[in-house]
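Participant: I'd like to ask you about the structure that follows.
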Amino acid sequence: MRQVEEEPRALQLDQSEALDGGLRRDTMTINMGPQHPSTHGVLRLVLTLDGETILKARPEIGYLHTGIEKTAESKSYLKALVLTDRMDYLAPLCNNLGYSLAVEKLLGVEAPPKAQYARVVLAELQRIASHLVWLGSSALDLGAQSVFLYCFRERELILDIFELCSGVRMMTSYIMPGGLQADLPPTFDEKVRAFLDIFPKRLREYHDLLTNNQLWIDRTKGVSVLTAEQAIMFGCTGATLRGSGVAYDVRKAYPYSGYERFAFDVPVGSNGDVYDRYLVRMLEMDQSIRIIQQALDGMPEGRWQVDDPKVAPPHKYEISSNMESLIHHFKLYTEGYRVPAGEVYLRTESPKGELGFYIASDGGAKPYRMHVRAPSFANLQALPLMIEGQLLADVVAAIGSIDIVLGEVDR
Amino acid sequence: MADEQDQTAEQAPVESPTVAFLRKQLPDAIIDVSERLGETTIIVRPDAIVEVCQALRDDPALQYNFLSTITAVDWLEREPRFDVVYHLMSLPTGAVVRLKIQVGDDELPEPEAPSVTSVWPAANWYEREVYDLFGIRFAGHPDLRRIEMPDDWVGHPLRKDYPLTGIQLPEPHWGGQVPFADPLPSDIGQQTLREQGRVGDVSSGTKPDAADALE
């Protein structure tokens, strides 16, 4: 221990900043996170506070940086697909879809109609599942505990459908470049329709619990407002942008995978507060049900993968009876397919917003560069705009309302 | 989505309104225009990128008000080495365009590009990410810090000459994440913590200066 050299002296408060009546006015800087239950992952917020008012907020990210973009450069296109599951781990199928469409565009192939319809059904189921996790956890943050349990009950039904298709509940990798990993199971239609019978009633229950609940309205209305102009300038997408009144939905603006065939509406808010973002997502679930219904009704028969042995692996029975299929299988799972040189940026609407895959190919069997435009990354950047000048207790409401997934922010 | 229509037009190289606008307003800024897979790519002179972005955003007919993303590609063998890629979108018209600048020369360990944060505030984090992972400095950026790697990290992971397995660290390394300078090329352009005397040399058994202060 070091010796104390100076004589101890009485501590004097600095009175220069004292207000009338002897009150002192200091700012305090605190860390919120990275281990904080209501930051939905490992987000760290450095907050400068004056009492309970936030003067300055600075998000710090990178605690979940796993180098997915770097790793993808060393994998074949088929293997890099598996990495995309792990980015937005609450919506793996939507990530698979964006990646698959980007690779298909570079390859110049198009998935057969049945795969396109199935992709839409799966992506919309995934959107509902993701919104249910958001609803449950953000309501829990504000003290509404029962909603959380109900939401996870319904999400379970969706995960059961994914398990039925792919054998996996979350990291399915079921949508792949060229179509689907396997044909839809025979009971797929029946299971999804059973879910569609149940879900609208349950959605009604959530509305009953929250939408007109005075406590919920008090905590969310007029809180963390983001104007339309701010949202656009900061690159926000998804419900964060639509809650501010901008009707931008990639499914309408740049339709992909046959979304132009389905009738659905884009819910838009007007105030840009937490409540509007909440309502936009709640109404989006209704629209997802509409889309799933139409896609199931119109589901065509046929192949679930492209009829191209250079992209889609051959059937098992062909491998044991046909030399050429054996060679194709071997090539696909060792080297993988070569993708023509070029670059592509493909936008899809993930549950969080515009998910963009930028893939640059040098003509080889591995992506030369894969960049992911993660919607959560851009939405999180706008968080200080929402919370500066607000109370500390509203930070959790704001974080919940932009629905970030740190796996996607950091990649 | 006028760009797509132009692309499908047979043999008639009708340029998209975006390209026509730039050719008219800023003809010196354009290096090359290409059209592939229905996507327009405009390669712009690096020093003109801010001017081009500002013009595209403010033109009443084009209104590129939305910056989707900024990223970079490392073409190791090429000169200049890096592409910085901008994806723009216009919410009112639905048009999309990709801008590119080529930066990097052998003299500088960290090439420089102008920052477009003055045009779209959204560029702030995207440029920090490119700086962090590629080591491209953005001149005029208000807060150019690493965003995903730790602040004291050495090297830029998404460069093609950065090994996939990372850089070998001696064990134990102080603080858990501070890499030593030895396995890196000397021109990395950053003073390591060891050079600052903040970490010790494990092989020779010396302690960091900071350790003395604790006793």
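By order of appearance in the structure tokens: chains A, B, ..., then residues from 1 within every chain, and ligands from 1 in the order shown.
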For chain B, work out the contacting residues on chain A at 7 Å, counting only C-alpha atoms, and write them as number ranges by chain.
Facilitator: A: 1, 61-62, 65, 70, 232-235, 253, 369, 373, 410
Participant: Can you spit out the residues from that selection as a PDB file, in the first residue's frame, using C-alpha atoms?
Facilitator:
```
ATOM      1  CA  MET A   1       0.000   0.000   0.000  1.00  0.00           C
ATOM      2  CA  ILE A  61     -21.796  -2.563 -29.579  1.00  0.00           C
ATOM      3  CA  GLY A  62     -19.487  -5.370 -30.589  1.00  0.00           C
ATOM      4  CA  HIS A  65     -19.126  -9.781 -32.880  1.00  0.00           C
ATOM      5  CA  LYS A  70     -15.168 -12.979 -42.521  1.00  0.00           C
ATOM      6  CA  ILE A 232     -35.181   8.265 -42.985  1.00  0.00           C
ATOM      7  CA  MET A 233     -31.938  10.156 -42.400  1.00  0.00           C
ATOM      8  CA  PHE A 234     -30.725   7.522 -39.954  1.00  0.00           C
ATOM      9  CA  GLY A 235     -31.567   4.636 -42.258  1.00  0.00           C
ATOM     10  CA  ALA A 253     -41.523  -1.667 -52.953  1.00  0.00           C
ATOM     11  CA  ARG A 369     -17.180 -10.800 -49.908  1.00  0.00           C
ATOM     12  CA  ARG A 373     -27.065  -4.812 -44.151  1.00  0.00           C
ATOM     13  CA  ASP A 410     -22.646  -7.249 -34.410  1.00  0.00           C
TER      14      ASP A 410
END
```
Participant: Name the residues in contact with Pro384 (chain A) at a cut-off of 8 Å, using only C-alpha atoms, excluding same-chain residues fewer than 4 positions from it; report them as a ChimeraX atom specification.
Facilitator: /A:56-59,388
Participant: Write out the residues from the selection above, keeping C-alpha atoms, as an mmCIF file, in the first residue's frame.
Facilitator:
```cif
data_model
loop_
_atom_site.group_PDB
_atom_site.id
_atom_site.type_symbol
_atom_site.label_atom_id
_atom_site.label_comp_id
_atom_site.auth_asym_id
_atom_site.auth_seq_id
_atom_site.Cartn_x
_atom_site.Cartn_y
_atom_site.Cartn_z
ATOM 1 C CA LYS A 56 -26.587 12.027 -23.734
ATOM 2 C CA ALA A 57 -26.749 8.400 -24.787
ATOM 3 C CA ARG A 58 -24.075 6.461 -26.568
ATOM 4 C CA PRO A 59 -24.680 2.871 -27.648
ATOM 5 C CA GLU A 388 -32.069 11.876 -25.187
#
```
Participant: I want to know what sits within 12 Å of region 138-145 of chain A, based on only C-alpha atoms, with residues of the same chain fewer than 5 positions away left out; could you give that as an NGL selection string?
Facilitator: :A and (36-40 or 131-133 or 150-152 or 206 or 209-211 or 213 or 215-220 or 274-275 or 277-278 or 393-404)
Participant: With distances taken over only C-alpha atoms, which residue among A:Ile161, A:Val405, A:Ala378, A:Ile128 lies nearest Phe188 (chain A)?
Facilitator: A:Ile161
Participant: Residues of region 76-160 of chain B in strand (DSSP E or B) according to DSSP, as a PyMOL selection string?
Facilitator: chain B and resi 82-89+96-103+112-114+137-139
Participant: Quick one: of A:Leu159, A:Ala231, A:Val121, A:Ala382, who's nearest to Ser257 (chain A), counting only C-alpha atoms?
Facilitator: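 Smallest distance to Ser257 (chain A) is found for A:Val121.
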Participant: Find the spatial neighbours of Lys191 (chain A), counting only C-alpha atoms, within a cut-off of 12 Å - ignore same-chain residues fewer than 4 positions away - and output them as a list of chain:residue names.
Facilitator: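 The residues that qualify are A:Leu125, A:Leu157, A:Ile158, A:Leu159, A:Asp160, A:Ile161, A:Phe162, A:Glu163, A:Leu164, A:Cys165, A:Leu184, A:Pro185, A:Pro186, A:Thr187, A:Phe195, A:Leu196, A:Asp197, A:Ile198, A:Leu296.
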Participant: Output C-alpha atoms of each residue in that selection to a file, as a PDB file, in the first residue's frame.
Facilitator:
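Saved file out-v7.pdb follows:
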```pdb
ATOM      1  CA  LEU A 125     -44.650 -17.670 -39.923  1.00  0.00           C
ATOM      2  CA  LEU A 157     -46.688 -23.835 -32.240  1.00  0.00           C
ATOM      3  CA  ILE A 158     -44.724 -22.133 -35.010  1.00  0.00           C
ATOM      4  CA  LEU A 159     -41.460 -23.742 -33.962  1.00  0.00           C
ATOM      5  CA  ASP A 160     -43.239 -27.099 -34.069  1.00  0.00           C
ATOM      6  CA  ILE A 161     -44.056 -26.454 -37.728  1.00  0.00           C
ATOM      7  CA  PHE A 162     -40.395 -25.631 -38.442  1.00  0.00           C
ATOM      8  CA  GLU A 163     -39.341 -28.786 -36.661  1.00  0.00           C
ATOM      9  CA  LEU A 164     -41.779 -30.767 -38.760  1.00  0.00           C
ATOM     10  CA  CYS A 165     -40.207 -29.376 -41.955  1.00  0.00           C
ATOM     11  CA  LEU A 184     -42.628 -29.967 -47.482  1.00  0.00           C
ATOM     12  CA  PRO A 185     -43.916 -32.695 -45.157  1.00  0.00           C
ATOM     13  CA  PRO A 186     -47.338 -34.175 -46.060  1.00  0.00           C
ATOM     14  CA  THR A 187     -48.970 -32.694 -42.962  1.00  0.00           C
ATOM     15  CA  PHE A 195     -52.238 -22.698 -36.386  1.00  0.00           C
ATOM     16  CA  LEU A 196     -54.170 -20.188 -38.467  1.00  0.00           C
ATOM     17  CA  ASP A 197     -57.377 -21.310 -36.766  1.00  0.00           C
ATOM     18  CA  ILE A 198     -55.970 -20.677 -33.323  1.00  0.00           C
ATOM     19  CA  LEU A 296     -51.519 -22.022 -48.715  1.00  0.00           C
TER      20      LEU A 296
END
```
Participant: Have a look at CA of Val84 (chain B) and CA of Val130 (chain B) and let me know their distance in Å, one decimal.
Facilitator: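 Spanning CA of Val84 (chain B) to CA of Val130 (chain B) is a straight-line distance of 8.5 Å.
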Participant: Output as a ChimeraX atom specification all residues of region 47-190 of chain A that backbone DSSP marks as helix (DSSP H, G or I).
Facilitator: /A:68-72,77-85,92-107,113-141,145-166,188-190
Participant: Find, counting only C-alpha atoms, the residue in A:Pro112, A:Tyr117, A:Gln181, A:Gly245 that gets nearest to Asp297 (chain A).
Facilitator: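 Closest to Asp297 (chain A) of all the choices is A:Tyr117.
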Participant: For region 85-87 of chain A, list every protein, DNA or RNA residue within 12 Å, evaluated using only C-alpha atoms, and leave out those in the same chain fewer than 4 positions away; present the list as a ChimeraX atom specification.
Facilitator: /A:64-69,79-81,91-100,168-176,350,352,355,372-377,404-411
Participant: Pick out the closest residue to Glu35 (chain B) from this set: A:Glu343, A:Glu154, A:Glu318, A:Asp362. Count only C-alpha atoms.
Facilitator: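 Once distances to Glu35 (chain B) are computed over only C-alpha atoms, the minimum belongs to A:Glu343.
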